[in-house]
$ cat protein_2.txt   # compact mmCIF, C-alpha atoms and all ligand atoms
# COMPACT_ATOMS: atom_id res chain seq x y z
CA MET A 1012 124.82 118.61 71.56
CA GLY A 1013 122.61 118.79 74.62
CA LYS A 1014 122.97 116.62 77.65
CA ILE A 1015 120.85 113.50 77.96
CA ILE A 1016 120.00 111.52 81.08
CA LEU A 1017 119.30 107.84 81.36
CA THR A 1018 118.78 106.09 84.65
CA GLY A 1019 116.47 103.55 86.18
CA ASP A 1020 115.56 101.03 88.83
CA ARG A 1021 114.84 97.33 89.02
CA PRO A 1022 111.18 96.70 89.80
CA THR A 1023 111.59 94.26 92.66
CA GLY A 1024 109.75 96.24 95.33
CA ARG A 1025 108.40 99.60 96.29
CA LEU A 1026 110.95 102.37 96.48
CA HIS A 1027 112.19 103.54 99.86
CA LEU A 1028 113.90 106.50 101.48
CA GLY A 1029 117.28 105.15 100.41
CA HIS A 1030 116.18 105.48 96.79
CA TYR A 1031 114.78 108.90 97.54
CA VAL A 1032 118.00 110.39 98.92
CA GLY A 1033 120.25 108.37 96.63
CA SER A 1034 118.51 109.17 93.38
CA LEU A 1035 114.83 110.14 93.18
CA ARG A 1036 115.14 113.55 94.81
CA ARG A 1037 118.02 114.43 92.51
CA ARG A 1038 116.23 113.21 89.43
CA VAL A 1039 113.30 115.47 90.08
CA GLU A 1040 115.68 118.42 90.59
CA LEU A 1041 117.52 117.60 87.38
CA GLN A 1042 114.23 117.24 85.55
CA ASN A 1043 113.11 120.65 86.71
CA SER A 1044 116.47 122.33 86.10
CA GLY A 1045 115.84 122.47 82.37
CA GLU A 1046 119.51 121.64 81.85
CA PHE A 1047 118.83 118.46 79.91
CA GLU A 1048 117.64 117.97 76.40
CA LYS A 1049 116.06 114.61 77.20
CA ILE A 1050 115.50 112.52 80.32
CA PHE A 1051 114.83 108.80 80.12
CA ILE A 1052 113.78 106.93 83.25
CA MET A 1053 113.76 103.19 82.78
CA ILE A 1054 111.97 100.52 84.77
CA ALA A 1055 114.60 97.80 84.42
CA ASP A 1056 112.38 94.72 84.42
CA ALA A 1057 114.65 92.71 82.11
CA GLN A 1058 117.55 93.36 84.44
CA ALA A 1059 115.39 92.42 87.44
CA LEU A 1060 114.70 89.10 85.72
CA THR A 1061 118.41 88.30 85.56
CA ASP A 1062 118.24 87.35 89.22
CA ASN A 1063 114.49 86.80 89.53
CA PHE A 1064 113.99 84.66 86.45
CA ASP A 1065 112.09 82.17 88.59
CA ASN A 1066 109.73 84.83 89.90
CA PRO A 1067 108.43 86.88 86.98
CA GLU A 1068 105.21 87.61 88.84
CA LYS A 1069 107.15 89.64 91.41
CA VAL A 1070 108.65 91.76 88.66
CA ARG A 1071 105.30 92.08 86.88
CA GLN A 1072 103.53 93.32 90.01
CA ASN A 1073 106.26 95.77 90.94
CA ILE A 1074 106.39 97.69 87.67
CA ILE A 1075 103.31 99.64 88.69
CA GLU A 1076 104.69 100.18 92.22
CA VAL A 1077 107.85 101.76 90.87
CA ALA A 1078 105.88 103.82 88.36
CA LEU A 1079 103.59 105.07 91.16
CA ASP A 1080 106.60 105.93 93.30
CA TYR A 1081 108.17 107.84 90.40
CA LEU A 1082 105.06 109.87 89.73
CA SER A 1083 104.46 110.55 93.43
CA CYS A 1084 107.99 111.86 93.85
CA GLY A 1085 107.39 114.40 91.13
CA LEU A 1086 108.74 112.83 87.97
CA ASP A 1087 106.62 114.45 85.31
CA PRO A 1088 105.81 112.43 82.20
CA GLU A 1089 105.69 115.68 80.22
CA LYS A 1090 109.35 116.28 81.04
CA SER A 1091 110.75 112.78 81.56
CA THR A 1092 110.20 109.74 79.39
CA ILE A 1093 109.34 106.83 81.67
CA PHE A 1094 109.49 103.42 79.99
CA ILE A 1095 109.73 99.66 80.49
CA GLN A 1096 113.06 98.09 79.51
CA SER A 1097 111.84 94.72 78.21
CA GLN A 1098 109.49 96.40 75.75
CA VAL A 1099 112.40 98.03 73.94
CA ALA A 1100 113.66 95.04 71.99
CA GLU A 1101 116.44 97.12 70.40
CA LEU A 1102 118.29 97.01 73.71
CA THR A 1103 118.84 93.27 73.55
CA GLU A 1104 120.21 93.45 70.02
CA LEU A 1105 122.72 96.08 71.05
CA ALA A 1106 123.77 93.95 74.01
CA PHE A 1107 124.38 91.01 71.68
CA TYR A 1108 126.87 93.01 69.62
CA TYR A 1109 128.53 94.52 72.69
CA MET A 1110 129.16 91.01 74.00
CA ASN A 1111 131.91 90.68 71.39
CA LEU A 1112 133.73 93.60 72.96
CA VAL A 1113 133.92 92.34 76.55
CA THR A 1114 135.90 89.46 77.96
CA VAL A 1115 134.67 86.96 80.50
CA GLN A 1116 137.67 87.93 82.63
CA ARG A 1117 136.65 91.57 82.59
CA LEU A 1118 133.12 90.72 83.70
CA GLN A 1119 134.49 88.57 86.50
CA ARG A 1120 136.45 91.55 87.76
CA ASN A 1121 133.41 93.85 87.91
CA PRO A 1122 133.12 94.63 91.65
CA THR A 1123 129.34 95.02 91.58
CA VAL A 1124 128.89 91.67 89.85
CA LYS A 1125 131.28 90.07 92.32
CA ALA A 1126 129.40 91.45 95.32
CA GLU A 1127 126.03 90.50 93.90
CA ILE A 1128 127.08 86.93 93.16
CA GLN A 1129 127.76 86.58 96.87
CA MET A 1130 124.74 88.48 98.05
CA ARG A 1131 122.30 86.56 95.88
CA GLY A 1132 123.71 83.19 96.75
CA PHE A 1133 124.84 82.37 93.21
CA SER A 1134 127.94 80.30 93.56
CA GLU A 1135 130.07 78.05 91.45
CA SER A 1136 129.81 75.16 93.85
CA ALA A 1137 126.60 75.13 95.84
CA ILE A 1138 126.77 73.06 98.98
CA GLU A 1139 124.16 70.35 98.78
CA GLY A 1140 121.13 70.96 100.94
CA ASP A 1141 121.98 74.62 101.45
CA THR A 1142 118.91 76.31 100.03
CA THR A 1143 120.43 79.78 100.33
CA GLN A 1144 122.94 78.78 97.65
CA ARG A 1145 121.86 78.50 94.05
CA GLN A 1146 124.06 76.43 91.87
CA GLY A 1147 125.94 78.28 89.20
CA ILE A 1148 125.81 81.82 87.92
CA PRO A 1149 123.23 82.40 85.19
CA VAL A 1150 124.84 83.84 82.06
CA GLY A 1151 122.11 86.48 81.84
CA PHE A 1152 122.95 87.72 85.31
CA PHE A 1153 126.68 87.56 84.65
CA THR A 1154 126.36 89.70 81.54
CA TYR A 1155 123.99 92.31 82.90
CA PRO A 1156 126.71 94.98 82.88
CA ILE A 1157 126.71 94.60 79.10
CA SER A 1158 122.96 94.97 78.98
CA GLN A 1159 123.31 98.06 81.12
CA ALA A 1160 125.78 99.48 78.60
CA SER A 1161 123.07 99.03 75.95
CA ASP A 1162 120.53 100.83 78.13
CA ILE A 1163 122.83 103.79 78.49
CA THR A 1164 124.22 104.02 74.96
CA ALA A 1165 120.90 103.36 73.20
CA PHE A 1166 119.70 106.73 74.41
CA ARG A 1167 123.04 108.45 73.77
CA ALA A 1168 123.06 109.33 77.44
CA THR A 1169 125.78 111.72 78.55
CA THR A 1170 124.77 111.58 82.19
CA VAL A 1171 123.74 108.70 84.43
CA PRO A 1172 122.55 109.84 87.85
CA ALA A 1173 123.15 106.84 90.12
CA GLY A 1174 124.57 105.70 93.42
CA ALA A 1175 128.20 104.82 94.02
CA ASP A 1176 127.36 101.13 93.68
CA GLN A 1177 126.74 101.78 89.98
CA GLU A 1178 130.20 103.22 89.34
CA PRO A 1179 131.70 99.95 88.08
CA MET A 1180 128.77 99.63 85.66
CA ILE A 1181 129.33 103.04 84.15
CA GLU A 1182 133.06 102.36 83.97
CA GLN A 1183 132.38 99.18 82.06
CA THR A 1184 130.01 101.04 79.75
CA ARG A 1185 132.71 103.58 79.00
CA GLU A 1186 135.10 100.79 78.12
CA ILE A 1187 132.56 99.28 75.75
CA VAL A 1188 132.01 102.66 74.13
CA HIS A 1189 135.77 103.11 73.65
CA LYS A 1190 136.17 99.66 72.20
CA PHE A 1191 133.18 100.08 69.90
CA ASN A 1192 134.26 103.48 68.63
CA SER A 1193 137.86 102.42 68.05
CA THR A 1194 136.80 99.23 66.27
CA TYR A 1195 133.95 100.52 64.13
CA GLY A 1196 134.35 104.30 64.07
CA LYS A 1197 132.96 106.95 66.35
CA THR A 1198 129.32 106.08 66.93
CA LEU A 1199 128.54 105.86 70.64
CA VAL A 1200 128.47 108.54 73.32
CA GLU A 1201 130.62 108.10 76.40
CA PRO A 1202 128.51 108.58 79.53
CA GLU A 1203 129.43 109.99 82.91
CA ILE A 1204 128.01 109.00 86.27
CA LEU A 1205 126.43 111.74 88.33
CA LEU A 1206 126.82 110.79 91.98
CA PRO A 1207 124.62 112.13 94.80
CA GLU A 1208 125.94 115.42 96.15
CA ASN A 1209 126.96 114.56 99.67
CA CYS A 1210 128.33 111.39 101.10
CA ILE A 1211 125.65 110.85 103.76
CA CYS A 1212 123.11 110.67 100.99
CA MET A 1213 125.11 108.24 98.99
CA ARG A 1214 124.09 105.42 101.23
CA LEU A 1215 121.36 105.80 103.79
CA PRO A 1216 121.67 103.00 106.37
CA GLY A 1217 118.69 100.83 107.24
CA THR A 1218 116.62 101.57 110.35
CA ASP A 1219 118.56 98.77 112.10
CA GLY A 1220 121.87 100.55 111.53
CA LYS A 1221 122.98 98.07 108.86
CA ALA A 1222 124.91 99.50 105.97
CA LYS A 1223 122.07 99.72 103.48
CA MET A 1224 118.31 99.90 103.29
CA SER A 1225 117.27 96.69 101.71
CA LYS A 1226 113.99 94.95 101.36
CA SER A 1227 115.42 91.58 102.27
CA LEU A 1228 116.74 92.95 105.57
CA GLY A 1229 113.34 94.46 106.42
CA ASN A 1230 114.96 97.74 107.46
CA CYS A 1231 113.37 100.13 104.97
CA ILE A 1232 111.16 103.15 105.27
CA TYR A 1233 109.02 103.04 102.15
CA LEU A 1234 107.82 106.14 100.36
CA SER A 1235 104.34 104.66 100.60
CA ASP A 1236 104.48 103.93 104.35
CA THR A 1237 101.55 105.32 106.35
CA PRO A 1238 102.18 107.89 109.11
CA LYS A 1239 101.65 105.08 111.61
CA GLU A 1240 104.21 102.81 109.94
CA LEU A 1241 106.69 105.67 109.75
CA LYS A 1242 106.24 106.43 113.43
CA GLN A 1243 106.71 102.79 114.43
CA LYS A 1244 109.82 102.43 112.31
CA VAL A 1245 111.49 105.57 113.61
CA MET A 1246 110.56 104.78 117.20
CA SER A 1247 112.25 101.38 116.98
CA MET A 1248 115.27 102.75 115.13
CA TYR A 1249 118.80 101.80 116.09
CA THR A 1250 120.54 104.59 118.04
CA ASP A 1251 123.48 104.33 120.42
CA PRO A 1252 123.28 101.02 122.31
CA ASP A 1253 125.26 102.52 125.22
CA HIS A 1254 122.94 105.46 125.65
CA LEU A 1255 120.73 103.79 128.24
CA ARG A 1256 119.55 106.64 130.44
CA ILE A 1257 118.80 110.14 129.30
CA GLU A 1258 121.63 111.50 131.45
CA ASP A 1259 124.21 109.23 129.78
CA PRO A 1260 126.44 110.77 127.15
CA GLY A 1261 125.48 109.54 123.69
CA LYS A 1262 127.24 108.91 120.40
CA VAL A 1263 125.96 110.46 117.19
CA GLU A 1264 128.39 108.59 114.95
CA GLY A 1265 126.75 105.44 113.64
CA ASN A 1266 123.51 106.54 115.29
CA CYS A 1267 120.78 106.13 112.70
CA VAL A 1268 118.60 108.92 114.01
CA PHE A 1269 121.42 111.42 113.58
CA ILE A 1270 122.50 110.02 110.23
CA TYR A 1271 118.95 110.53 108.99
CA LEU A 1272 118.77 113.99 110.53
CA ASP A 1273 122.03 114.81 108.77
CA ALA A 1274 120.43 113.78 105.49
CA PHE A 1275 117.08 115.53 105.90
CA CYS A 1276 117.05 118.14 108.64
CA ARG A 1277 117.54 121.84 107.97
CA ASP A 1278 117.84 124.76 110.37
CA GLU A 1279 114.23 125.82 109.66
CA HIS A 1280 113.03 122.53 111.07
CA PHE A 1281 114.34 123.47 114.50
CA GLU A 1282 112.45 126.73 114.58
CA LYS A 1283 109.33 124.84 113.62
CA TYR A 1284 109.54 121.63 115.63
CA LEU A 1285 112.24 121.93 118.28
CA PRO A 1286 113.10 125.54 119.11
CA ASP A 1287 115.32 124.41 122.04
CA TYR A 1288 118.13 124.24 119.50
CA LYS A 1289 119.23 126.53 116.69
CA ASN A 1290 120.52 123.75 114.50
CA LEU A 1291 121.59 120.13 114.32
CA ASP A 1292 125.08 120.85 115.63
CA GLU A 1293 123.66 122.24 118.86
CA MET A 1294 121.41 119.24 119.26
CA LYS A 1295 124.26 116.80 118.62
CA GLU A 1296 126.33 118.61 121.19
CA HIS A 1297 123.62 118.14 123.83
CA TYR A 1298 123.25 114.46 122.92
CA ARG A 1299 126.99 113.90 123.26
CA ARG A 1300 127.06 115.68 126.62
CA GLY A 1301 124.14 113.63 127.95
CA GLY A 1302 120.71 114.75 129.02
CA LEU A 1303 118.99 114.43 125.66
CA GLY A 1304 116.76 111.41 125.20
CA ASP A 1305 116.31 109.33 122.05
CA VAL A 1306 112.55 109.87 121.99
CA LYS A 1307 112.92 113.62 121.60
CA CYS A 1308 115.35 113.13 118.70
CA LYS A 1309 113.09 110.56 117.10
CA LYS A 1310 110.08 112.85 117.35
CA LEU A 1311 111.97 115.52 115.47
CA LEU A 1312 112.98 113.00 112.83
CA ILE A 1313 109.38 111.86 112.42
CA ALA A 1314 108.26 115.46 111.89
CA VAL A 1315 111.02 116.09 109.35
CA LEU A 1316 110.33 112.88 107.44
CA GLU A 1317 106.58 113.51 107.48
CA GLU A 1318 107.22 116.82 105.73
CA ILE A 1319 108.89 114.95 102.91
CA LEU A 1320 106.68 111.89 102.79
CA GLU A 1321 103.28 113.50 103.27
CA PRO A 1322 103.08 115.15 99.83
CA ILE A 1323 104.53 112.03 98.18
CA ARG A 1324 101.91 109.90 99.91
CA ALA A 1325 99.12 112.26 98.88
CA ARG A 1326 100.16 112.21 95.22
CA ARG A 1327 100.45 108.44 95.34
CA LYS A 1328 96.87 108.18 96.60
CA GLU A 1329 95.71 110.14 93.57
CA TRP A 1330 97.70 108.13 91.05
CA GLU A 1331 96.58 104.87 92.66
CA GLN A 1332 93.08 105.73 91.48
CA LYS A 1333 94.34 106.16 87.91
CA ILE A 1334 96.19 102.93 87.18
CA GLU A 1335 95.04 102.81 83.55
CA GLU A 1336 96.45 106.28 83.03
CA VAL A 1337 99.77 105.23 84.57
CA TYR A 1338 100.03 102.35 82.12
CA ALA A 1339 99.17 104.71 79.27
CA ILE A 1340 102.05 106.96 80.39
CA LEU A 1341 104.39 103.95 80.40
CA GLU A 1342 103.22 102.85 76.99
CA LYS A 1343 103.68 106.28 75.47
CA GLY A 1344 107.12 106.56 77.06
CA THR A 1345 108.07 103.14 75.78
CA THR A 1346 107.05 104.02 72.22
CA GLU A 1347 109.21 107.10 72.37
CA ALA A 1348 112.12 105.18 73.91
CA ARG A 1349 111.90 102.57 71.15
CA ALA A 1350 112.18 105.20 68.46
CA THR A 1351 115.33 106.62 70.05
CA ALA A 1352 116.90 103.21 70.60
CA ALA A 1353 116.05 102.19 67.03
CA ALA A 1354 117.86 105.24 65.66
CA THR A 1355 120.98 104.35 67.66
CA LEU A 1356 120.73 100.73 66.59
CA ASN A 1357 120.66 101.92 62.99
CA ASP A 1358 123.88 103.84 63.51
CA VAL A 1359 125.42 100.81 65.19
CA ARG A 1360 124.47 98.49 62.34
CA GLU A 1361 125.82 100.96 59.84
CA ALA A 1362 129.12 101.29 61.73
CA MET A 1363 129.39 97.52 62.02
CA ARG A 1364 128.62 97.12 58.33
CA ILE A 1365 125.64 94.88 58.98
CA ASN A 1366 123.09 97.15 57.36
CA TYR A 1367 122.87 95.01 54.22
CA PHE A 1368 119.46 95.95 52.91
CA ALA A 1369 119.88 99.65 53.55
CA ASP A 1370 123.32 99.66 51.91
CA LYS A 1371 122.50 100.23 48.25
CA GLU A 1372 126.20 100.55 47.43
CA LEU A 1373 126.97 97.09 48.73
CA ILE A 1374 124.27 95.60 46.56
CA SER A 1375 125.13 97.55 43.42
CA GLU A 1376 128.89 96.92 43.78
CA GLN A 1377 128.43 93.20 44.18
CA ALA A 1378 125.94 93.13 41.33
CA ALA A 1379 128.33 95.04 39.07
CA ARG A 1380 131.24 92.77 40.01
CA TYR A 1381 129.33 89.64 39.12
CA ARG A 1382 127.98 91.10 35.90
CA GLU A 1383 131.52 92.04 34.89
CA THR A 1384 132.88 88.54 35.59
CA SER A 1385 130.07 87.02 33.69
CA ALA A 1386 130.59 89.41 30.77
CA LYS A 1387 134.31 88.53 30.66
CA GLN A 1388 133.53 84.85 30.59
CA ASN A 1389 131.22 85.23 27.63
N1 LIG B 1401 121.40 98.60 87.84
C1 LIG B 1401 120.40 99.56 88.25
C2 LIG B 1401 119.87 99.12 89.62
O1 LIG B 1401 120.15 98.03 90.05
C3 LIG B 1401 119.24 99.66 87.29
C4 LIG B 1401 119.67 99.99 85.90
C5 LIG B 1401 119.54 99.22 84.80
C6 LIG B 1401 120.31 101.19 85.49
N2 LIG B 1401 120.03 99.85 83.71
C7 LIG B 1401 120.52 101.05 84.10
C8 LIG B 1401 120.74 102.34 86.15
C9 LIG B 1401 121.17 102.05 83.35
C10 LIG B 1401 121.39 103.33 85.42
C11 LIG B 1401 121.60 103.17 84.03
O2 LIG B 1401 119.15 99.86 90.23

$ encode --input "protein_2.txt" --output "structure tokens" --more "lines below"
Ligand code: TRP
Amino acid sequence: MGKIILTGDRPTGRLHLGHYVGSLRRRVELQNSGEFEKIFIMIADAQALTDNFDNPEKVRQNIIEVALDYLSCGLDPEKSTIFIQSQVAELTELAFYYMNLVTVQRLQRNPTVKAEIQMRGFSESAIEGDTTQRQGIPVGFFTYPISQASDITAFRATTVPAGADQEPMIEQTREIVHKFNSTYGKTLVEPEILLPENCICMRLPGTDGKAKMSKSLGNCIYLSDTPKELKQKVMSMYTDPDHLRIEDPGKVEGNCVFIYLDAFCRDEHFEKYLPDYKNLDEMKEHYRRGGLGDVKCKKLLIAVLEEILEPIRARRKEWEQKIEEVYAILEKGTTEARATAAATLNDVREAMRINYFADKELISEQAARYRETSAKQN
């Protein structure tokens, strides 16, 4: 059996550089490697609604943004099936059956759920008047790891390329698969997470030096940012607060400009943009010693990021003029995804013995039994 990929994103905003290094870049490589029999890329609108149920318009408007970002990054609809989660109804049915296999206690222990409950202001006892706190945890949100297990298993995915924050989700999916297979017979495929290759890329900090790029913190560089926006953002980036004058020694640890250079810069870039140094190590050394200013480092970073973002931006411009075609791609992908999910759902129903109408034996056995009893009575 060939390897199958499923992965996706919540459509709550445009995608940014953090998504690019954490997942998009890898997805395109995996797509083009030819190593996978099938690749499913899901726009997880139903999951986005679990914590945006009061703002469906936001989700609705961002589906196209995410689709445009996908296509601009080089996801190719001929090679990858891009689809919209909510339009594959089979996924919700699977989730309903999986709910029997997971305890409330286990969900409560899921680290990602725990962290998100805090981050999103869902709490068990909202303090009155505190508008950042929303009272109670919606069941839909609480159970989204189960829905994610449906997403993955419906496509018989062997491989889920995702960031480290998704590890608890994949772990929970594996547990559900185990439980299902041991209860009903081997039916589901156990998936594995495929983490980004190096640890810098696992989590790109925001431009303000905070742990993560996040829309709500306003510290993102978007794939669709203009050259001017990119320049402004890099120029105001967090560096080393103690590096006041050029002559001062500087720190590269925790310095955003160097973290980004670590993630994106290659030796060739020096030859092209900053031949004073052979490579990043040399440049870091100079920065540490003192005598190297932030502006020079930032200019290099802008050039390096432009190299990545320019072609993405150009492709986006083209796709933006073909919105109908993008929706047609999503619709075609969704039709294909439904067929795959329906086939898995069939197997699941069969394993769970809830395939009544398709089970001719069940009907004929019961019919025969009743005819026999009736014959005996006569
Ligand atoms: N939880 C993912 C995110 O927040 C999106 C997602 C939904 C997903 N279903 C998935 C990712 C299945 C991988 C596999 O971005």

$ closest_residue --input "protein_2.txt" --among "A:Ala1106, A:Lys1295, A:Arg1131, A:Leu1206" --to "Arg1037 (chain A)" --atoms "all atoms listed in the file"
A:Leu1206

$ residues_near_ligand --input "protein_2.txt" --ligand "ligand LIG 1401 (chain B)" --cutoff "10 Å" --atoms "all atoms listed in the file" --output "ChimeraX atom specification"
/A:1016-1023,1030,1034,1051-1059,1096,1123,1155-1164,1168,1170-1174,1176-1178,1180-1181,1184,1202,1204

$ atom_distance --input "protein_2.txt" --atom1 "CA of Ala1354 (chain A)" --atom2 "CA of Phe1047 (chain A)"
19.5 Å

$ closest_atom_pairs --input "protein_2.txt" --of "region 1249-1279 of chain A" --to "region 1314-1321 of chain A" --cutoff "12 Å" --atoms "all atoms listed in the file" --output "tab-separated table"
residue	atom	partner	partner_atom	distance
A:Val1268	CA	A:Leu1316	CA	11.3
A:Tyr1271	CA	A:Leu1316	CA	9.1
A:Leu1272	CA	A:Val1315	CA	8.1
A:Asp1273	CA	A:Val1315	CA	11.1
A:Ala1274	CA	A:Leu1316	CA	10.3
A:Phe1275	CA	A:Val1315	CA	7.0
A:Cys1276	CA	A:Val1315	CA	6.4
A:Arg1277	CA	A:Val1315	CA	8.8
A:Asp1278	CA	A:Val1315	CA	11.1
A:Glu1279	CA	A:Val1315	CA	10.3

$ atom_distance --input "protein_2.txt" --atom1 "CA of Pro1322 (chain A)" --atom2 "CA of Asn1266 (chain A)"
27.0 Å

$ residues_near_point --input "protein_2.txt" --point "(101.7, 103.1, 102.2)" --cutoff "12 Å" --atoms "only C-alpha atoms" --output "number ranges by chain"
A: 1025-1027, 1076, 1079-1080, 1083, 1232-1241, 1320-1321, 1323-1328, 1331

$ residues_around --input "protein_2.txt" --residues "His1189 (chain A)" --least-positions-apart "5" --cutoff "9 Å" --atoms "all atoms listed in the file" --output "ChimeraX atom specification"
/A:1184,1194,1197,1199,1201

$ write_last_selection --input "protein_2.txt" --atoms "C-alpha atoms" --output "mmCIF file, keeping the file's coordinate frame"
data_model
loop_
_atom_site.group_PDB
_atom_site.id
_atom_site.type_symbol
_atom_site.label_atom_id
_atom_site.label_comp_id
_atom_site.auth_asym_id
_atom_site.auth_seq_id
_atom_site.Cartn_x
_atom_site.Cartn_y
_atom_site.Cartn_z
ATOM 1 C CA THR A 1184 130.010 101.040 79.750
ATOM 2 C CA THR A 1194 136.800 99.230 66.270
ATOM 3 C CA LYS A 1197 132.960 106.950 66.350
ATOM 4 C CA LEU A 1199 128.540 105.860 70.640
ATOM 5 C CA GLU A 1201 130.620 108.100 76.400
#

$ residues_near_point --input "protein_2.txt" --point "(110.2, 120.8, 118.1)" --cutoff "10 Å" --atoms "all atoms listed in the file" --output "list in words"
His1280, Phe1281, Glu1282, Lys1283, Tyr1284, Leu1285, Pro1286, Asp1287, Tyr1288, Lys1307, Cys1308, Lys1310, Leu1311, Leu1312, Ala1314 and Val1315 of chain A

$ write_last_selection --input "protein_2.txt" --atoms "C-alpha atoms" --output "PDB file, in the coordinates of the input"
ATOM      1  CA  HIS A1280     113.030 122.530 111.070  1.00  0.00           C
ATOM      2  CA  PHE A1281     114.340 123.470 114.500  1.00  0.00           C
ATOM      3  CA  GLU A1282     112.450 126.730 114.580  1.00  0.00           C
ATOM      4  CA  LYS A1283     109.330 124.840 113.620  1.00  0.00           C
ATOM      5  CA  TYR A1284     109.540 121.630 115.630  1.00  0.00           C
ATOM      6  CA  LEU A1285     112.240 121.930 118.280  1.00  0.00           C
ATOM      7  CA  PRO A1286     113.100 125.540 119.110  1.00  0.00           C
ATOM      8  CA  ASP A1287     115.320 124.410 122.040  1.00  0.00           C
ATOM      9  CA  TYR A1288     118.130 124.240 119.500  1.00  0.00           C
ATOM     10  CA  LYS A1307     112.920 113.620 121.600  1.00  0.00           C
ATOM     11  CA  CYS A1308     115.350 113.130 118.700  1.00  0.00           C
ATOM     12  CA  LYS A1310     110.080 112.850 117.350  1.00  0.00           C
ATOM     13  CA  LEU A1311     111.970 115.520 115.470  1.00  0.00           C
ATOM     14  CA  LEU A1312     112.980 113.000 112.830  1.00  0.00           C
ATOM     15  CA  ALA A1314     108.260 115.460 111.890  1.00  0.00           C
ATOM     16  CA  VAL A1315     111.020 116.090 109.350  1.00  0.00           C
TER      17      VAL A1315
END

$ atom_distance --input "protein_2.txt" --atom1 "CA of Gly1302 (chain A)" --atom2 "CA of Asn1230 (chain A)"
28.1 Å

$ axis_aligned_box --input "protein_2.txt" --around "region 1075-1083 of chain A" --padding-each-side "4 Å" --output "JSON"
{"center_x": 105.7, "center_y": 105.1, "center_z": 90.9, "size_x": 12.9, "size_y": 18.9, "size_z": 13.1}

$ closest_residue --input "protein_2.txt" --among "A:Leu1060, A:Met1246, A:Ile1074, A:Leu1086" --to "Val1306 (chain A)" --atoms "all atoms listed in the file"
A:Met1246

$ closest_residue --input "protein_2.txt" --among "A:Asp1062, A:Glu1361, A:Ser1097, A:Leu1112" --to "Phe1153 (chain A)" --atoms "all atoms listed in the file"
A:Asp1062

$ closest_residue --input "protein_2.txt" --among "A:Lys1049, A:Arg1349, A:Arg1360, A:Lys1244" --to "Thr1198 (chain A)" --atoms "only C-alpha atoms"
A:Arg1360

$ residues_around --input "protein_2.txt" --residues "region 1344-1347 of chain A" --least-positions-apart "2" --cutoff "6 Å" --atoms "only C-alpha atoms" --output "ChimeraX atom specification"
/A:1092-1094,1341-1342,1349-1350

$ build_atoms --input "protein_2.txt" --residues "region 1344-1353 of chain A" --atoms "N, CA, C and O atoms" --output "compact mmCIF listing (two decimals), keeping the file's coordinate frame"
# COMPACT_ATOMS: atom_id res chain seq x y z
N GLY A 1344 105.69 106.41 76.83
CA GLY A 1344 107.12 106.56 77.06
C GLY A 1344 107.91 105.47 76.35
O GLY A 1344 108.97 105.72 75.77
N THR A 1345 107.38 104.27 76.40
CA THR A 1345 108.07 103.14 75.78
C THR A 1345 108.14 103.30 74.26
O THR A 1345 109.17 103.02 73.65
N THR A 1346 107.06 103.79 73.67
CA THR A 1346 107.05 104.02 72.22
C THR A 1346 108.13 105.03 71.84
O THR A 1346 108.89 104.84 70.88
N GLU A 1347 108.21 106.07 72.63
CA GLU A 1347 109.21 107.10 72.37
C GLU A 1347 110.63 106.53 72.56
O GLU A 1347 111.52 106.78 71.75
N ALA A 1348 110.81 105.77 73.63
CA ALA A 1348 112.12 105.18 73.91
C ALA A 1348 112.54 104.25 72.76
O ALA A 1348 113.70 104.24 72.35
N ARG A 1349 111.59 103.49 72.26
CA ARG A 1349 111.90 102.57 71.15
C ARG A 1349 112.41 103.33 69.94
O ARG A 1349 113.36 102.90 69.28
N ALA A 1350 111.77 104.44 69.64
CA ALA A 1350 112.18 105.20 68.46
C ALA A 1350 113.62 105.68 68.63
O ALA A 1350 114.43 105.60 67.69
N THR A 1351 113.96 106.15 69.80
CA THR A 1351 115.33 106.62 70.05
C THR A 1351 116.32 105.47 69.96
O THR A 1351 117.37 105.59 69.31
N ALA A 1352 115.99 104.36 70.61
CA ALA A 1352 116.90 103.21 70.60
C ALA A 1352 117.06 102.67 69.18
O ALA A 1352 118.15 102.25 68.79
N ALA A 1353 115.98 102.70 68.41
CA ALA A 1353 116.05 102.19 67.03
C ALA A 1353 116.99 103.04 66.19
O ALA A 1353 117.74 102.52 65.35
